[in-house]
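J.: Below are the structure tokens for one structure; questions will follow.
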Amino acid sequence: MANAMQRKLKEWEVALRTSFGDDISTPKARRLALWHYHIFDHAFLRTPWTNFDTVAPGVYRSNQPTAGRFARYRSLGLKSILNLRGPSKYSPYLFEEEACAQNGYELVNAKIYARKPARADEILHLLDVFERIEKPFLMHCKSGADRAGFAAALWLLEQEGAPLEVAQKQLAARYAHLSWTKTGIVDHILKLYGQDRGTGSLTFRAWVETKYDPKYAAESFAATPLWKR
């Protein structure tokens with residue numbers, strides 16, 4: 001009964017969340033979208049809490065910025081915003097598109113995930129974006145903890161030539177990342193890379209192209225005891 005009630009509540013929440021918030025073209029629609037943004041995307045928490053940090057010179061990470069923060073970040077000389085959540089028809093993305101246009105930022109999308117392994121082509125797309133995105137840029141997900149941490153680690157590995165143990169520090173509790181939860185899948189992917197690379201010179205990109213198996217990553221992570229994650 002408890003599981004059935006939980007499913008019903010989840011279905012009700014999804015139905016409500018997807019029933020509005022997909023239009024900012026009129027004052028009324030904009031007001032509704034703002035409610036949607038603050039309630040369902042928890043934007044009200046991201047005014048005082050930014051989870052902002054510098055990854056490397058000209059490369060920054062944070063949670064989803066509010067309109068005010070997008071404007072304030074002009075002081076960094078930003079050229080681009082890398083959205084790790086991917087495009088959407090709902091309020092977070094609509095307000096982000098608007099803010100980027102207003103502030104002269106190029107908005108680039110590279111969707112990855114926090115609770116399941118991304119496909120190889122999705123990770124390779126992110127690495128390709130790294131090759132062409134104009135700096136300075138800010139990368140963000142929703143909370144700035146998991147997807148942003150994983151992407152920041154990959155930037156350090158692929159673009160800065162950082163050691164794996166240095167890159168892994170981008171996935172840390174100080175960013176509200178908890179490796180023992182489902183979001184620990186991103187740590188696990190880096191661990192699998194480290195195991196396959198050993199003491200060799202296999203790059204992360206080459207590993208994804210030749211050895212990475214998201215199904216195995218998911219299964220081996222699920223089989224890992226909590227205290228070993």
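In the structure tokens, each chain is lettered A, B, ... as it comes, each chain's residues begin at 1, and ligands are numbered from 1 in order of appearance.
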I'd like a table as a Markdown table: residues in segment 67-130 of chain A with an atom no more than 9 Å from segment 211-229 of chain A, each row giving the shortest atom pair and its distance in Å to one decimal, only C-alpha atoms counted, sorted by chain and rising residue number.

T.:
```
| residue | atom | partner | partner_atom | distance |
| --- | --- | --- | --- | --- |
| A:Lys116 | CA | A:Ala218 | CA | 6.8 |
| A:Pro117 | CA | A:Pro214 | CA | 5.5 |
| A:Ala118 | CA | A:Pro214 | CA | 6.8 |
| A:Arg119 | CA | A:Pro214 | CA | 6.1 |
| A:Ala120 | CA | A:Tyr212 | CA | 7.0 |
```

J.: I'd like the contact shell of Leu154 of chain A - 8 Å cut-off, only C-alpha atoms, skipping same-chain residues fewer than 6 positions apart - returned as a PDB file with N, CA, C and O atoms, in the first residue's frame.

T.:
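The resulting file, part-v2.pdb, is reproduced below:
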```pdb
ATOM      1  N   LEU A 127      33.066  15.970 -24.576  1.00  0.00           N
ATOM      2  CA  LEU A 127      34.488  16.181 -24.832  1.00  0.00           C
ATOM      3  C   LEU A 127      34.714  16.989 -26.105  1.00  0.00           C
ATOM      4  O   LEU A 127      35.643  17.809 -26.176  1.00  0.00           O
ATOM      5  N   ALA A 167      41.711  15.252 -10.673  1.00  0.00           N
ATOM      6  CA  ALA A 167      40.403  15.446 -11.312  1.00  0.00           C
ATOM      7  C   ALA A 167      39.268  14.940 -10.432  1.00  0.00           C
ATOM      8  O   ALA A 167      38.203  15.561 -10.349  1.00  0.00           O
ATOM      9  N   PHE A 204      41.271   9.424 -21.375  1.00  0.00           N
ATOM     10  CA  PHE A 204      39.870   9.172 -21.056  1.00  0.00           C
ATOM     11  C   PHE A 204      39.052   9.049 -22.339  1.00  0.00           C
ATOM     12  O   PHE A 204      38.187   8.181 -22.449  1.00  0.00           O
TER      13      PHE A 204
END
```

J.: Which one of A:Pro27, A:Gly184, A:Gly194, A:Pro92 sits closest to Lys142 of chain A if you count only C-alpha atoms?

T.: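 Closest to Lys142 of chain A, using only C-alpha atoms: A:Pro92.
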
J.: Would you tabulate, counting only C-alpha atoms, all residues of segment 73-159 of chain A that have an atom at most 12 Å from an atom of segment 19-26 of chain A, showing the closest pair of atoms and their distance in Å to one decimal, sorted by chain then ascending number, as JSON lines?

T.:
```
{"residue": "A:Ser88", "atom": "CA", "partner": "A:Asp22", "partner_atom": "CA", "distance": 8.9}
{"residue": "A:Lys89", "atom": "CA", "partner": "A:Asp22", "partner_atom": "CA", "distance": 5.5}
{"residue": "A:Tyr90", "atom": "CA", "partner": "A:Asp22", "partner_atom": "CA", "distance": 4.4}
{"residue": "A:Ser91", "atom": "CA", "partner": "A:Gly21", "partner_atom": "CA", "distance": 5.2}
{"residue": "A:Pro92", "atom": "CA", "partner": "A:Gly21", "partner_atom": "CA", "distance": 8.9}
{"residue": "A:Tyr93", "atom": "CA", "partner": "A:Asp22", "partner_atom": "CA", "distance": 9.4}
{"residue": "A:Leu94", "atom": "CA", "partner": "A:Ile24", "partner_atom": "CA", "distance": 7.4}
{"residue": "A:Phe95", "atom": "CA", "partner": "A:Ile24", "partner_atom": "CA", "distance": 8.1}
{"residue": "A:Glu96", "atom": "CA", "partner": "A:Ile24", "partner_atom": "CA", "distance": 11.6}
{"residue": "A:Glu97", "atom": "CA", "partner": "A:Ile24", "partner_atom": "CA", "distance": 11.2}
{"residue": "A:Glu98", "atom": "CA", "partner": "A:Ile24", "partner_atom": "CA", "distance": 9.6}
```

J.: Identify all residues of segment 30-197 of chain A in strand (DSSP E or B) (DSSP on the backbone) and supply them as a compact mmCIF listing (two decimals) with C-alpha atoms, in the first residue's frame.

T.:
```txt
# COMPACT_ATOMS: atom_id res chain seq x y z
CA ASP A 53 34.03 27.49 -8.02
CA THR A 54 36.93 27.87 -10.44
CA VAL A 55 37.94 24.66 -12.23
CA ALA A 56 40.86 26.09 -14.23
CA VAL A 59 36.62 27.67 -16.56
CA TYR A 60 33.97 27.84 -13.83
CA ARG A 61 31.32 25.55 -12.36
CA SER A 62 28.13 26.21 -10.41
CA SER A 80 29.78 30.85 -23.04
CA ILE A 81 27.45 28.87 -20.79
CA LEU A 82 27.63 25.07 -20.88
CA ASN A 83 24.32 23.58 -19.79
CA GLU A 106 26.59 31.58 -26.21
CA LEU A 107 24.44 28.80 -24.74
CA VAL A 108 25.86 25.33 -25.42
CA ASN A 109 24.11 22.10 -24.40
CA PHE A 137 32.84 29.75 -19.74
CA LEU A 138 30.65 28.47 -16.93
CA MET A 139 29.42 24.88 -16.79
CA HIS A 140 26.38 24.04 -14.70
```

J.: Within 8 Å of Leu126 of chain A, counting only C-alpha atoms, which residues qualify if same-chain residues fewer than 4 places away don't, as a list in words?

T.: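 Within the cut-off, the hits are Ala110, Lys111, Glu122, Phe130 and Ala151 of chain A.
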
J.: Here is a test: counting only C-alpha atoms, which residue of A:Gly198, A:Gln102, A:Ala173, A:Phe52 is nearest to Arg74 of chain A?

T.: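 Nearest candidate to Arg74 of chain A out of A:Gly198, A:Gln102, A:Ala173, A:Phe52: A:Gln102.
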
J.: State, in Å with one decimal place, the distance from atom CA of Trp155 of chain A to atom CA of Cys141 of chain A.

T.: 14.9 Å

J.: Excluding Gly68 of chain A and residues on its chain fewer than 2 positions from it, collect all residues at most 12 Å away from it, counting only C-alpha atoms, and give them as a ChimeraX atom specification.

T.: /A:43,46-48,50,64-66,70-74,95-96,98-100,102-103

J.: Could you write out the selected residues, including N, CA, C and O atoms, as a short mmCIF file (atom, residue, chain, number, x, y, z; two decimals), in the first residue's frame?

T.:
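Resulting contents of result07.cif:
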```cif
data_model
loop_
_atom_site.label_atom_id
_atom_site.label_comp_id
_atom_site.auth_asym_id
_atom_site.auth_seq_id
_atom_site.Cartn_x
_atom_site.Cartn_y
_atom_site.Cartn_z
N ALA A 43 14.57 26.92 -7.55
CA ALA A 43 15.42 28.07 -7.84
C ALA A 43 15.57 28.99 -6.65
O ALA A 43 16.59 29.70 -6.53
N ARG A 46 18.80 28.72 -4.97
CA ARG A 46 20.02 29.03 -5.70
C ARG A 46 20.33 30.53 -5.76
O ARG A 46 21.25 30.94 -6.45
N THR A 47 19.54 31.31 -5.02
CA THR A 47 19.91 32.72 -4.88
C THR A 47 21.00 32.88 -3.82
O THR A 47 22.04 33.48 -4.09
N PRO A 48 20.83 32.31 -2.62
CA PRO A 48 21.90 32.41 -1.63
C PRO A 48 23.01 31.37 -1.83
O PRO A 48 24.15 31.58 -1.41
N THR A 50 25.24 29.18 -4.43
CA THR A 50 25.61 29.13 -5.84
C THR A 50 26.43 27.90 -6.22
O THR A 50 26.48 27.53 -7.38
N GLN A 64 22.59 25.78 -11.28
CA GLN A 64 21.86 26.55 -12.30
C GLN A 64 21.76 28.01 -11.86
O GLN A 64 21.15 28.31 -10.84
N PRO A 65 22.36 28.94 -12.60
CA PRO A 65 22.30 30.34 -12.17
C PRO A 65 20.90 30.94 -12.33
O PRO A 65 20.14 30.58 -13.23
N THR A 66 20.58 31.85 -11.43
CA THR A 66 19.37 32.66 -11.57
C THR A 66 19.66 33.79 -12.56
O THR A 66 20.81 34.02 -12.95
N PHE A 70 23.33 35.35 -13.65
CA PHE A 70 23.81 35.41 -15.03
C PHE A 70 24.32 36.82 -15.32
O PHE A 70 25.36 36.99 -15.97
N ALA A 71 23.61 37.83 -14.85
CA ALA A 71 24.03 39.21 -15.08
C ALA A 71 25.31 39.54 -14.32
O ALA A 71 26.23 40.16 -14.86
N ARG A 72 25.40 39.09 -13.07
CA ARG A 72 26.59 39.39 -12.27
C ARG A 72 27.83 38.70 -12.83
O ARG A 72 28.95 39.22 -12.70
N TYR A 73 27.66 37.56 -13.46
CA TYR A 73 28.80 36.82 -13.98
C TYR A 73 29.44 37.50 -15.20
O TYR A 73 30.49 37.05 -15.68
N ARG A 74 28.82 38.56 -15.69
CA ARG A 74 29.47 39.33 -16.76
C ARG A 74 30.82 39.85 -16.30
O ARG A 74 31.72 40.06 -17.11
N PHE A 95 14.18 30.46 -19.08
CA PHE A 95 14.80 31.61 -18.43
C PHE A 95 16.31 31.66 -18.71
O PHE A 95 16.90 32.74 -18.81
N GLU A 96 16.93 30.51 -18.85
CA GLU A 96 18.36 30.48 -19.18
C GLU A 96 18.61 31.00 -20.59
O GLU A 96 19.53 31.80 -20.80
N GLU A 98 16.81 33.09 -22.22
CA GLU A 98 16.57 34.53 -22.16
C GLU A 98 17.76 35.25 -21.55
O GLU A 98 18.22 36.27 -22.08
N ALA A 99 18.25 34.75 -20.42
CA ALA A 99 19.37 35.40 -19.73
C ALA A 99 20.63 35.39 -20.57
O ALA A 99 21.39 36.37 -20.59
N CYS A 100 20.88 34.29 -21.28
CA CYS A 100 22.07 34.23 -22.13
C CYS A 100 21.98 35.24 -23.27
O CYS A 100 22.97 35.91 -23.60
N GLN A 102 20.28 38.03 -23.24
CA GLN A 102 20.38 39.38 -22.66
C GLN A 102 21.82 39.75 -22.31
O GLN A 102 22.20 40.91 -22.37
N ASN A 103 22.61 38.74 -21.92
CA ASN A 103 23.97 39.02 -21.46
C ASN A 103 25.05 38.71 -22.49
O ASN A 103 26.24 38.87 -22.21
#
```
